[in-house]
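Engineer: Just passing along the structure, written as structure tokens.
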There are 6 protein chains.
Amino acid sequence: MHILSRLMRPTRLVHAHCDIPCGVYDPEQARIEAESCYRILEKFHASSDDHFRQRCVVVKEARADETKHHIDVLWHDYFKPEHLEQYPDLHDVCWRASKAASTVKQSTDLDAARELLAAIDRIDEMWKGTGGLATTRLNGRPS
Amino acid sequence: MHILSRLMRPTRLVHAHCDIPCGVYDPEQARIEAESCYRILEKFHASSDDHFRQRCVVVKEARADETKHHIDVLWHDYFKPEHLEQYPDLHDVCWRASKAASTVKQSTDLDAARELLAAIDRIDEMWKGTGGLATTRLNGRPS
Amino acid sequence: MHILSRLMRPTRLVHAHCDIPCGVYDPEQARIEAESCYRILEKFHASSDDHFRQRCVVVKEARADETKHHIDVLWHDYFKPEHLEQYPDLHDVCWRASKAASTVKQSTDLDAARELLAAIDRIDEMWKGTGGLATTRLNGRPS
Amino acid sequence: MHILSRLMRPTRLVHAHCDIPCGVYDPEQARIEAESCYRILEKFHASSDDHFRQRCVVVKEARADETKHHIDVLWHDYFKPEHLEQYPDLHDVCWRASKAASTVKQSTDLDAARELLAAIDRIDEMWKGTGGLATTRLNGRPS
Amino acid sequence: MHILSRLMRPTRLVHAHCDIPCGVYDPEQARIEAESCYRILEKFHASSDDHFRQRCVVVKEARADETKHHIDVLWHDYFKPEHLEQYPDLHDVCWRASKAASTVKQSTDLDAARELLAAIDRIDEMWKGTGGLATTRLNGRPS
Amino acid sequence: MHILSRLMRPTRLVHAHCDIPCGVYDPEQARIEAESCYRILEKFHASSDDHFRQRCVVVKEARADETKHHIDVLWHDYFKPEHLEQYPDLHDVCWRASKAASTVKQSTDLDAARELLAAIDRIDEMWKGTGGLATTRLNGRPS
């Protein structure tokens, strides 16, 4: 079967976030959104105003969704087959990070937001370990 | 470390596409968008009109992106740890499907769209094999 | 009046969802979103958790909006003048379906979600009656 | 059949663009986007620069889509059953307007953009004829 | 430094909302969304229904965000350096209008919505004062 | 006039990107998108493939638009009246940055992308100079 046999072979040529691929990726995009979730949860717990707390629910849902999107992009666009050999738990780490972002939507627990941030830190390590810092940003990360 | 230890434990309670979780999922959402890509490529090749062909490039980019989104949802929201035990290649199949959608953006080759459809068929089998047809739709799929 | 006279003549050549037109349409897209609304309402009523119920309101609004979008696409892109001759109540059925989706946003009544699903079933019948199953999907609907 | 009988009765209480319903509607939203399409087409024809013309294709697609969205909102949210009695061709006018917007995507013909504008003018007349100017804006339209 | 020196020179050639630039702009786009916020707040205060009031919070957030977007477009796409000479408080007026839209998100106070509308009226005056009515719409504003 | 007088007073309490305000901002969000534009332009010029180059036009338009969005957020949500006193050219710098992003859409010139990056660097300096690094991120920027 032509199609199936092609499907069975390792994917060869695909690799990108805007899918040009432009080659620019940084877990900072996911982290900044996740930090937003964390701060919203802090403020949610510090407030007793109904209108404010309802807004927190609305906006946390959106920001956690954005976090998931950026995790997805790293997973299926930045990471390539050779990275999977280097980090055999690559899929699992990204999967858990996505599920941690879902939990942030579903929960008001600050620990959920901390877990999400820790999960993104894991992805960040793999991004650095595969040369992401040197190869994907124009001039590295600003201090 | 409290956070890290929680992260190391299997994710327990997260599971959903709208992340309520509403529990409704169907690979048909990805497949219909991928069929749209296929038809656009057919028409692209059948046409010699510049304006039409440029529109095809624009719309194919959008439809393939929508396909990726629906694959992502199945991967991180529908599929759960017990499904991964049942289908150890779950991550790999979804990853290739995403990358196949990227290729559809990057290419005008009809084979790329066929591969994407075949990859979604694989996901569909896993969805059925994990009871998706019986548990995620209100009345199954319409004939 | 050139413009007005052209406007008065039957619309001739327009016909599509991504407006290429790619020619791929399926009421399943609307139905899956509407089923999501139904399940969310079920869970809304089964819960007494404020945070969860507020999230249901947020997500139901989004899913019902997506349902409306897919109904709109069927109405103005899939259905053509000859279909209107075959189904003189075409406009009315689609109009009511859209309004039923608005009611799902506005209400927490499960009957509202059932009406929306019934309305989409009516559109599905017209889609089949006009050959949609045979002509718009690559290989029909999967079982 | 409870559901079907409810569906058969005239829809009673649904009516809105943001679906609150907030009650604010104005065909100006559709017209401004359609004027944008018109001007883009003028510039498209006046230019021989490939990059510019390709951008026109991209942006025209988006603006015409936005036009369709605003027409949809007027059709299924602003207009109500009593308006249909007053304007029996209400559905047809809105349907043709949507299809005219599709044609603007598909064509580079300025006449297509003129037809779209004329179709929106027809909707504008119905909006005024049903009291839209007096009831939907806070202080009418600014001069 | 080539880049910096270019940056220091007055911006010369950039000017547009869809950034073609198509040249079509109208503060009506911002005002209609802001009127929607106003009406939602009126209905919010007139209601004691929890579900309805929560929907108001969700939709107000979205409509105020859309208002901000249209204000941004006027600020950085419609207004040009020569307009800034004519209206030295141009930046300040637009900035306050954006911040007024943020306040509408954050507050349930009708005065916040009135301030936003007044701020948009100020932008409208500058738009007219710089010839916007004559140059950006195809046939001026409809009565 | 109550409304006008309130409008004339300095805006007091508004300040945020998700407008909670969550308080998390970082010019990195704008810069990463702008770097994407830069790389796309590099690849555009290195390629002679029509399909690829047209995709570059499509995606550059989207990424530059995202850049503008993030600049807008910094301008009207992060920066507050006291920052304007510290940086009297705050409005001008942000305005030029937005217009530089428009130019990146309109041009294929790599210098345009360099200018945009330089403009974001200016905003970054103001963000740091107003304490952004210390106050808006959870743990500063990662190295």
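Every chain in the structure tokens takes a letter, A first, then B, and so on in the order presented; its residues are numbered from 1, and the ligands are numbered from 1 following the presented order.
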Considering only C-alpha atoms, give me a table of residues in segment 11-108 of chain B that are at most 12 Å from segment 62-68 of chain D, with the closest atom pair and distance in Å for each, as CSV.
Structural biologist:
```
residue,atom,partner,partner_atom,distance
B:Arg55,CA,D:Ala62,CA,11.0
B:Val58,CA,D:Ala62,CA,10.0
B:Val59,CA,D:Ala62,CA,10.2
B:Ala62,CA,D:Ala62,CA,11.2
```
Engineer: Could you pull the residues within 10 Å of Leu138 of chain B, counting only C-alpha atoms, minus those fewer than 6 positions along the same chain, as a list in words?
Structural biologist: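 Result of the neighbour search: Val24 of chain B; Arg31, Ile32, Glu35, Ser36, Tyr38 and Arg39 of chain C.
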Engineer: Could you give me chain F least-squares fitted onto chain B (all C-alpha atoms, paired in order), as a compact mmCIF listing (two decimals) with N, CA and C atoms, in the first residue's frame?
Structural biologist:
```
# COMPACT_ATOMS: atom_id res chain seq x y z
N MET F 1 10.10 17.33 46.55
CA MET F 1 9.50 18.49 45.91
C MET F 1 8.03 18.20 45.60
N HIS F 2 7.17 18.94 46.26
CA HIS F 2 5.74 18.72 46.10
C HIS F 2 5.30 18.81 44.64
N ILE F 3 5.69 19.89 44.00
CA ILE F 3 5.23 20.10 42.62
C ILE F 3 5.75 18.99 41.71
N LEU F 4 7.05 18.76 41.78
CA LEU F 4 7.63 17.77 40.89
C LEU F 4 7.03 16.39 41.14
N SER F 5 6.84 16.05 42.38
CA SER F 5 6.30 14.73 42.65
C SER F 5 4.89 14.60 42.09
N ARG F 6 4.13 15.66 42.18
CA ARG F 6 2.79 15.60 41.58
C ARG F 6 2.89 15.44 40.07
N LEU F 7 3.89 16.10 39.50
CA LEU F 7 4.05 16.04 38.05
C LEU F 7 4.46 14.65 37.61
N MET F 8 5.20 13.98 38.46
CA MET F 8 5.69 12.66 38.11
C MET F 8 4.59 11.61 38.16
N ARG F 9 3.65 11.81 39.04
CA ARG F 9 2.55 10.85 39.11
C ARG F 9 1.71 10.94 37.84
N PRO F 10 1.10 9.83 37.49
CA PRO F 10 0.25 9.87 36.29
C PRO F 10 -0.80 10.97 36.45
N THR F 11 -1.03 11.67 35.37
CA THR F 11 -2.09 12.66 35.40
C THR F 11 -3.40 11.93 35.62
N ARG F 12 -4.22 12.46 36.52
CA ARG F 12 -5.39 11.67 36.89
C ARG F 12 -6.72 12.16 36.35
N LEU F 13 -6.93 13.46 36.44
CA LEU F 13 -8.32 13.87 36.30
C LEU F 13 -8.60 14.72 35.07
N VAL F 14 -7.62 14.86 34.21
CA VAL F 14 -7.83 15.78 33.10
C VAL F 14 -8.24 15.05 31.82
N HIS F 15 -9.19 15.55 31.14
CA HIS F 15 -9.71 14.80 29.98
C HIS F 15 -10.79 15.52 29.18
N ALA F 16 -10.47 16.55 28.28
CA ALA F 16 -11.58 17.12 27.49
C ALA F 16 -11.28 18.13 26.37
N HIS F 17 -12.15 18.21 25.38
CA HIS F 17 -11.91 19.04 24.19
C HIS F 17 -12.29 20.48 24.45
N CYS F 18 -13.50 20.71 24.96
CA CYS F 18 -13.79 22.05 25.40
C CYS F 18 -13.30 22.16 26.83
N ASP F 19 -12.71 21.07 27.30
CA ASP F 19 -12.09 21.05 28.62
C ASP F 19 -13.07 21.27 29.75
N ILE F 20 -14.37 21.14 29.44
CA ILE F 20 -15.29 21.18 30.60
C ILE F 20 -14.92 20.03 31.53
N PRO F 21 -14.68 18.83 31.08
CA PRO F 21 -14.84 18.19 29.78
C PRO F 21 -16.31 17.85 29.51
N CYS F 22 -16.72 18.15 28.26
CA CYS F 22 -18.08 17.77 27.87
C CYS F 22 -18.11 16.30 27.48
N GLY F 23 -16.95 15.77 27.07
CA GLY F 23 -16.88 14.35 26.74
C GLY F 23 -17.25 14.01 25.31
N VAL F 24 -17.53 15.01 24.49
CA VAL F 24 -17.90 14.77 23.09
C VAL F 24 -16.67 14.96 22.19
N TYR F 25 -16.31 13.92 21.48
CA TYR F 25 -15.18 13.96 20.55
C TYR F 25 -15.51 13.10 19.35
N ASP F 26 -14.98 13.47 18.21
CA ASP F 26 -15.14 12.61 17.04
C ASP F 26 -14.09 12.99 16.01
N PRO F 27 -13.29 12.01 15.58
CA PRO F 27 -12.28 12.30 14.54
C PRO F 27 -12.88 12.84 13.25
N GLU F 28 -14.22 12.74 13.11
CA GLU F 28 -14.87 13.33 11.94
C GLU F 28 -14.51 14.82 11.79
N GLN F 29 -14.38 15.52 12.91
CA GLN F 29 -14.04 16.94 12.83
C GLN F 29 -12.72 17.17 12.11
N ALA F 30 -11.74 16.35 12.44
CA ALA F 30 -10.45 16.45 11.75
C ALA F 30 -10.57 15.99 10.30
N ARG F 31 -11.34 14.89 10.09
CA ARG F 31 -11.41 14.31 8.75
C ARG F 31 -12.09 15.26 7.76
N ILE F 32 -13.16 15.90 8.18
CA ILE F 32 -13.88 16.80 7.27
C ILE F 32 -12.97 17.94 6.81
N GLU F 33 -12.19 18.48 7.74
CA GLU F 33 -11.25 19.54 7.35
C GLU F 33 -10.18 19.00 6.42
N ALA F 34 -9.72 17.78 6.67
CA ALA F 34 -8.69 17.18 5.83
C ALA F 34 -9.23 16.86 4.44
N GLU F 35 -10.50 16.45 4.37
CA GLU F 35 -11.11 16.22 3.05
C GLU F 35 -11.18 17.54 2.28
N SER F 36 -11.43 18.61 3.01
CA SER F 36 -11.46 19.92 2.38
C SER F 36 -10.09 20.23 1.75
N CYS F 37 -9.02 19.95 2.49
CA CYS F 37 -7.67 20.14 1.94
C CYS F 37 -7.48 19.32 0.66
N TYR F 38 -7.95 18.08 0.71
CA TYR F 38 -7.80 17.19 -0.45
C TYR F 38 -8.50 17.77 -1.68
N ARG F 39 -9.73 18.19 -1.49
CA ARG F 39 -10.50 18.74 -2.62
C ARG F 39 -9.87 20.04 -3.14
N ILE F 40 -9.38 20.86 -2.23
CA ILE F 40 -8.74 22.10 -2.65
C ILE F 40 -7.52 21.79 -3.52
N LEU F 41 -6.76 20.79 -3.11
CA LEU F 41 -5.58 20.43 -3.90
C LEU F 41 -5.98 19.89 -5.28
N GLU F 42 -7.04 19.09 -5.33
CA GLU F 42 -7.55 18.62 -6.63
C GLU F 42 -7.89 19.81 -7.53
N LYS F 43 -8.59 20.77 -6.97
CA LYS F 43 -9.02 21.92 -7.77
C LYS F 43 -7.83 22.83 -8.13
N PHE F 44 -6.90 22.90 -7.21
CA PHE F 44 -5.68 23.67 -7.48
C PHE F 44 -5.00 23.15 -8.74
N HIS F 45 -4.86 21.83 -8.81
CA HIS F 45 -4.15 21.25 -9.95
C HIS F 45 -4.97 21.31 -11.24
N ALA F 46 -6.29 21.36 -11.10
CA ALA F 46 -7.14 21.39 -12.29
C ALA F 46 -7.28 22.81 -12.85
N SER F 47 -6.77 23.79 -12.14
CA SER F 47 -6.96 25.18 -12.56
C SER F 47 -5.66 25.81 -13.05
N SER F 48 -5.80 26.74 -13.95
CA SER F 48 -4.63 27.51 -14.38
C SER F 48 -4.84 29.00 -14.10
N ASP F 49 -5.85 29.27 -13.28
CA ASP F 49 -6.17 30.66 -12.95
C ASP F 49 -5.38 31.12 -11.72
N ASP F 50 -4.56 32.14 -11.89
CA ASP F 50 -3.67 32.60 -10.81
C ASP F 50 -4.43 32.99 -9.55
N HIS F 51 -5.50 33.77 -9.73
CA HIS F 51 -6.27 34.23 -8.57
C HIS F 51 -6.84 33.04 -7.81
N PHE F 52 -7.40 32.11 -8.56
CA PHE F 52 -7.98 30.93 -7.91
C PHE F 52 -6.90 30.12 -7.18
N ARG F 53 -5.79 29.91 -7.81
CA ARG F 53 -4.73 29.11 -7.20
C ARG F 53 -4.16 29.79 -5.95
N GLN F 54 -4.06 31.09 -5.99
CA GLN F 54 -3.59 31.78 -4.78
C GLN F 54 -4.60 31.65 -3.65
N ARG F 55 -5.88 31.73 -4.00
CA ARG F 55 -6.90 31.52 -2.96
C ARG F 55 -6.78 30.10 -2.38
N CYS F 56 -6.48 29.13 -3.21
CA CYS F 56 -6.31 27.76 -2.72
C CYS F 56 -5.19 27.70 -1.69
N VAL F 57 -4.11 28.40 -1.93
CA VAL F 57 -3.00 28.41 -0.98
C VAL F 57 -3.44 29.00 0.35
N VAL F 58 -4.17 30.10 0.29
CA VAL F 58 -4.66 30.76 1.51
C VAL F 58 -5.59 29.84 2.30
N VAL F 59 -6.53 29.25 1.61
CA VAL F 59 -7.57 28.48 2.30
C VAL F 59 -7.05 27.12 2.75
N LYS F 60 -6.18 26.53 1.95
CA LYS F 60 -5.56 25.26 2.37
C LYS F 60 -4.79 25.45 3.68
N GLU F 61 -4.07 26.56 3.77
CA GLU F 61 -3.31 26.85 5.01
C GLU F 61 -4.26 26.86 6.22
N ALA F 62 -5.41 27.49 6.03
CA ALA F 62 -6.37 27.60 7.14
C ALA F 62 -7.02 26.27 7.48
N ARG F 63 -7.40 25.52 6.46
CA ARG F 63 -8.09 24.24 6.70
C ARG F 63 -7.14 23.21 7.30
N ALA F 64 -5.90 23.21 6.85
CA ALA F 64 -4.94 22.27 7.42
C ALA F 64 -4.65 22.63 8.87
N ASP F 65 -4.67 23.91 9.15
CA ASP F 65 -4.45 24.35 10.54
C ASP F 65 -5.61 23.89 11.42
N GLU F 66 -6.80 23.98 10.92
CA GLU F 66 -7.98 23.51 11.65
C GLU F 66 -7.88 22.00 11.87
N THR F 67 -7.40 21.29 10.86
CA THR F 67 -7.21 19.84 11.01
C THR F 67 -6.26 19.55 12.17
N LYS F 68 -5.15 20.28 12.20
CA LYS F 68 -4.18 20.08 13.29
C LYS F 68 -4.84 20.33 14.65
N HIS F 69 -5.62 21.38 14.72
CA HIS F 69 -6.29 21.69 15.99
C HIS F 69 -7.15 20.51 16.45
N HIS F 70 -7.90 19.93 15.55
CA HIS F 70 -8.78 18.82 15.95
C HIS F 70 -7.97 17.58 16.32
N ILE F 71 -6.85 17.35 15.65
CA ILE F 71 -5.96 16.24 16.04
C ILE F 71 -5.40 16.49 17.44
N ASP F 72 -4.97 17.71 17.70
CA ASP F 72 -4.45 18.06 19.04
C ASP F 72 -5.49 17.76 20.12
N VAL F 73 -6.73 18.14 19.85
CA VAL F 73 -7.79 17.94 20.84
C VAL F 73 -7.97 16.46 21.16
N LEU F 74 -7.97 15.65 20.12
CA LEU F 74 -8.09 14.21 20.37
C LEU F 74 -6.91 13.71 21.18
N TRP F 75 -5.73 14.17 20.81
CA TRP F 75 -4.52 13.68 21.48
C TRP F 75 -4.50 14.05 22.96
N HIS F 76 -4.66 15.32 23.26
CA HIS F 76 -4.46 15.68 24.67
C HIS F 76 -5.73 15.76 25.49
N ASP F 77 -6.88 15.71 24.85
CA ASP F 77 -8.11 15.79 25.64
C ASP F 77 -8.89 14.46 25.65
N TYR F 78 -9.06 13.86 24.47
CA TYR F 78 -9.82 12.60 24.47
C TYR F 78 -9.00 11.44 25.07
N PHE F 79 -7.79 11.26 24.55
CA PHE F 79 -7.01 10.08 24.96
C PHE F 79 -6.46 10.23 26.38
N LYS F 80 -6.58 9.17 27.14
CA LYS F 80 -6.18 9.18 28.55
C LYS F 80 -5.14 8.09 28.81
N PRO F 81 -4.50 8.13 29.98
CA PRO F 81 -3.41 7.18 30.26
C PRO F 81 -3.77 5.73 29.98
N GLU F 82 -4.99 5.30 30.29
CA GLU F 82 -5.33 3.89 30.04
C GLU F 82 -5.36 3.59 28.54
N HIS F 83 -5.67 4.58 27.73
CA HIS F 83 -5.66 4.36 26.27
C HIS F 83 -4.24 4.17 25.76
N LEU F 84 -3.31 4.85 26.40
CA LEU F 84 -1.90 4.74 26.01
C LEU F 84 -1.39 3.33 26.29
N GLU F 85 -1.89 2.73 27.37
CA GLU F 85 -1.50 1.34 27.64
C GLU F 85 -2.04 0.42 26.56
N GLN F 86 -3.26 0.73 26.10
CA GLN F 86 -3.88 -0.10 25.07
C GLN F 86 -3.21 0.12 23.71
N TYR F 87 -2.82 1.35 23.44
CA TYR F 87 -2.17 1.68 22.16
C TYR F 87 -0.83 2.36 22.45
N PRO F 88 0.22 1.58 22.61
CA PRO F 88 1.52 2.19 22.95
C PRO F 88 2.04 3.16 21.89
N ASP F 89 1.55 3.06 20.66
CA ASP F 89 2.01 3.98 19.62
C ASP F 89 1.07 5.19 19.48
N LEU F 90 0.21 5.37 20.47
CA LEU F 90 -0.74 6.48 20.44
C LEU F 90 -0.06 7.83 20.16
N HIS F 91 0.97 8.15 20.94
CA HIS F 91 1.66 9.43 20.75
C HIS F 91 2.23 9.54 19.34
N ASP F 92 2.86 8.46 18.90
CA ASP F 92 3.52 8.49 17.61
C ASP F 92 2.51 8.70 16.47
N VAL F 93 1.38 8.02 16.57
CA VAL F 93 0.36 8.15 15.51
C VAL F 93 -0.17 9.58 15.46
N CYS F 94 -0.44 10.17 16.61
CA CYS F 94 -0.96 11.54 16.62
C CYS F 94 0.09 12.54 16.15
N TRP F 95 1.32 12.28 16.56
CA TRP F 95 2.42 13.17 16.17
C TRP F 95 2.58 13.19 14.65
N ARG F 96 2.58 12.00 14.07
CA ARG F 96 2.71 11.90 12.61
C ARG F 96 1.52 12.53 11.90
N ALA F 97 0.35 12.38 12.50
CA ALA F 97 -0.83 12.98 11.88
C ALA F 97 -0.68 14.50 11.85
N SER F 98 -0.21 15.08 12.95
CA SER F 98 0.02 16.53 12.99
C SER F 98 1.04 16.94 11.94
N LYS F 99 2.11 16.18 11.87
CA LYS F 99 3.16 16.51 10.91
C LYS F 99 2.66 16.31 9.48
N ALA F 100 1.76 15.35 9.28
CA ALA F 100 1.17 15.18 7.94
C ALA F 100 0.33 16.40 7.58
N ALA F 101 -0.35 16.99 8.56
CA ALA F 101 -1.13 18.21 8.29
C ALA F 101 -0.21 19.37 7.95
N SER F 102 0.94 19.44 8.63
CA SER F 102 1.93 20.47 8.28
C SER F 102 2.38 20.29 6.84
N THR F 103 2.62 19.04 6.46
CA THR F 103 3.05 18.78 5.08
C THR F 103 2.00 19.22 4.07
N VAL F 104 0.74 19.05 4.42
CA VAL F 104 -0.33 19.49 3.52
C VAL F 104 -0.28 21.01 3.33
N LYS F 105 0.09 21.71 4.37
CA LYS F 105 0.28 23.16 4.19
C LYS F 105 1.45 23.44 3.25
N GLN F 106 2.52 22.65 3.43
CA GLN F 106 3.77 22.97 2.75
C GLN F 106 3.84 22.48 1.31
N SER F 107 2.94 21.59 0.97
CA SER F 107 3.05 20.91 -0.31
C SER F 107 1.77 21.10 -1.13
N THR F 108 1.88 20.84 -2.41
CA THR F 108 0.68 20.81 -3.25
C THR F 108 0.43 19.38 -3.74
N ASP F 109 1.13 18.44 -3.13
CA ASP F 109 1.08 17.05 -3.54
C ASP F 109 -0.19 16.39 -2.98
N LEU F 110 -1.00 15.80 -3.85
CA LEU F 110 -2.21 15.12 -3.38
C LEU F 110 -1.89 13.96 -2.46
N ASP F 111 -0.73 13.34 -2.66
CA ASP F 111 -0.34 12.25 -1.76
C ASP F 111 -0.23 12.72 -0.32
N ALA F 112 0.19 13.96 -0.14
CA ALA F 112 0.29 14.50 1.23
C ALA F 112 -1.09 14.52 1.88
N ALA F 113 -2.09 14.91 1.10
CA ALA F 113 -3.45 14.94 1.65
C ALA F 113 -3.97 13.53 1.90
N ARG F 114 -3.57 12.59 1.04
CA ARG F 114 -3.98 11.19 1.26
C ARG F 114 -3.35 10.64 2.53
N GLU F 115 -2.11 10.96 2.75
CA GLU F 115 -1.43 10.52 3.98
C GLU F 115 -2.11 11.07 5.21
N LEU F 116 -2.48 12.32 5.12
CA LEU F 116 -3.16 12.94 6.25
C LEU F 116 -4.47 12.20 6.55
N LEU F 117 -5.21 11.90 5.50
CA LEU F 117 -6.47 11.17 5.70
C LEU F 117 -6.22 9.79 6.27
N ALA F 118 -5.17 9.12 5.80
CA ALA F 118 -4.84 7.80 6.33
C ALA F 118 -4.43 7.90 7.80
N ALA F 119 -3.73 8.95 8.15
CA ALA F 119 -3.32 9.13 9.55
C ALA F 119 -4.54 9.36 10.44
N ILE F 120 -5.50 10.10 9.92
CA ILE F 120 -6.73 10.33 10.71
C ILE F 120 -7.52 9.03 10.84
N ASP F 121 -7.47 8.21 9.80
CA ASP F 121 -8.13 6.90 9.90
C ASP F 121 -7.52 6.06 11.02
N ARG F 122 -6.21 6.15 11.18
CA ARG F 122 -5.55 5.43 12.28
C ARG F 122 -6.05 5.93 13.64
N ILE F 123 -6.17 7.25 13.77
CA ILE F 123 -6.69 7.82 15.02
C ILE F 123 -8.13 7.38 15.23
N ASP F 124 -8.87 7.32 14.15
CA ASP F 124 -10.26 6.90 14.23
C ASP F 124 -10.36 5.46 14.77
N GLU F 125 -9.47 4.60 14.31
CA GLU F 125 -9.46 3.22 14.81
C GLU F 125 -9.19 3.17 16.32
N MET F 126 -8.26 3.98 16.75
CA MET F 126 -7.94 4.02 18.19
C MET F 126 -9.11 4.60 18.98
N TRP F 127 -9.77 5.57 18.38
CA TRP F 127 -10.93 6.18 19.04
C TRP F 127 -12.04 5.13 19.20
N LYS F 128 -12.25 4.34 18.15
CA LYS F 128 -13.26 3.27 18.25
C LYS F 128 -12.80 2.18 19.20
N GLY F 129 -11.52 1.82 19.10
CA GLY F 129 -10.98 0.75 19.93
C GLY F 129 -11.03 1.07 21.42
N THR F 130 -11.09 2.35 21.74
CA THR F 130 -11.17 2.76 23.15
C THR F 130 -12.60 3.12 23.53
N GLY F 131 -13.54 2.76 22.68
CA GLY F 131 -14.94 2.98 23.02
C GLY F 131 -15.49 4.34 22.66
N GLY F 132 -14.74 5.08 21.86
CA GLY F 132 -15.15 6.45 21.54
C GLY F 132 -16.52 6.54 20.89
N LEU F 133 -16.78 5.62 19.97
CA LEU F 133 -18.06 5.67 19.26
C LEU F 133 -19.23 5.51 20.23
N ALA F 134 -19.07 4.61 21.19
CA ALA F 134 -20.17 4.35 22.13
C ALA F 134 -20.30 5.42 23.20
N THR F 135 -19.16 6.02 23.59
CA THR F 135 -19.20 6.87 24.78
C THR F 135 -19.16 8.37 24.49
N THR F 136 -18.74 8.78 23.31
CA THR F 136 -18.55 10.23 23.14
C THR F 136 -19.66 10.90 22.33
N ARG F 137 -20.39 10.14 21.54
CA ARG F 137 -21.47 10.75 20.78
C ARG F 137 -22.80 10.45 21.48
N LEU F 138 -23.76 11.32 21.27
CA LEU F 138 -25.07 11.11 21.93
C LEU F 138 -25.76 9.86 21.41
N ASN F 139 -25.77 9.69 20.11
CA ASN F 139 -26.46 8.54 19.51
C ASN F 139 -25.59 7.87 18.46
N GLY F 140 -24.31 7.79 18.73
CA GLY F 140 -23.42 7.22 17.74
C GLY F 140 -23.31 8.12 16.53
N ARG F 141 -22.75 7.56 15.45
CA ARG F 141 -22.62 8.35 14.22
C ARG F 141 -23.83 8.12 13.35
N PRO F 142 -24.33 9.16 12.72
CA PRO F 142 -25.46 9.00 11.80
C PRO F 142 -24.98 8.28 10.54
N SER F 143 -25.87 7.53 9.95
CA SER F 143 -25.49 6.85 8.70
C SER F 143 -25.64 7.81 7.54
```
Engineer: Mind the document's chain letters and residue numbers, and return as JSON, numbers by chain the residues of segment 43-142 of chain B that DSSP labels alpha helix (DSSP H).
Structural biologist: {"B": [43, 44, 45, 46, 50, 51, 52, 53, 54, 55, 56, 57, 58, 59, 60, 61, 62, 63, 64, 65, 66, 67, 68, 69, 70, 71, 72, 73, 81, 82, 83, 84, 85, 86, 90, 91, 92, 93, 94, 95, 96, 97, 98, 99, 100, 101, 102, 103, 104, 105, 106, 110, 111, 112, 113, 114, 115, 116, 117, 118, 119, 120, 121, 122, 123, 124, 125, 126, 127, 128, 129, 132, 133, 134, 135, 136]}
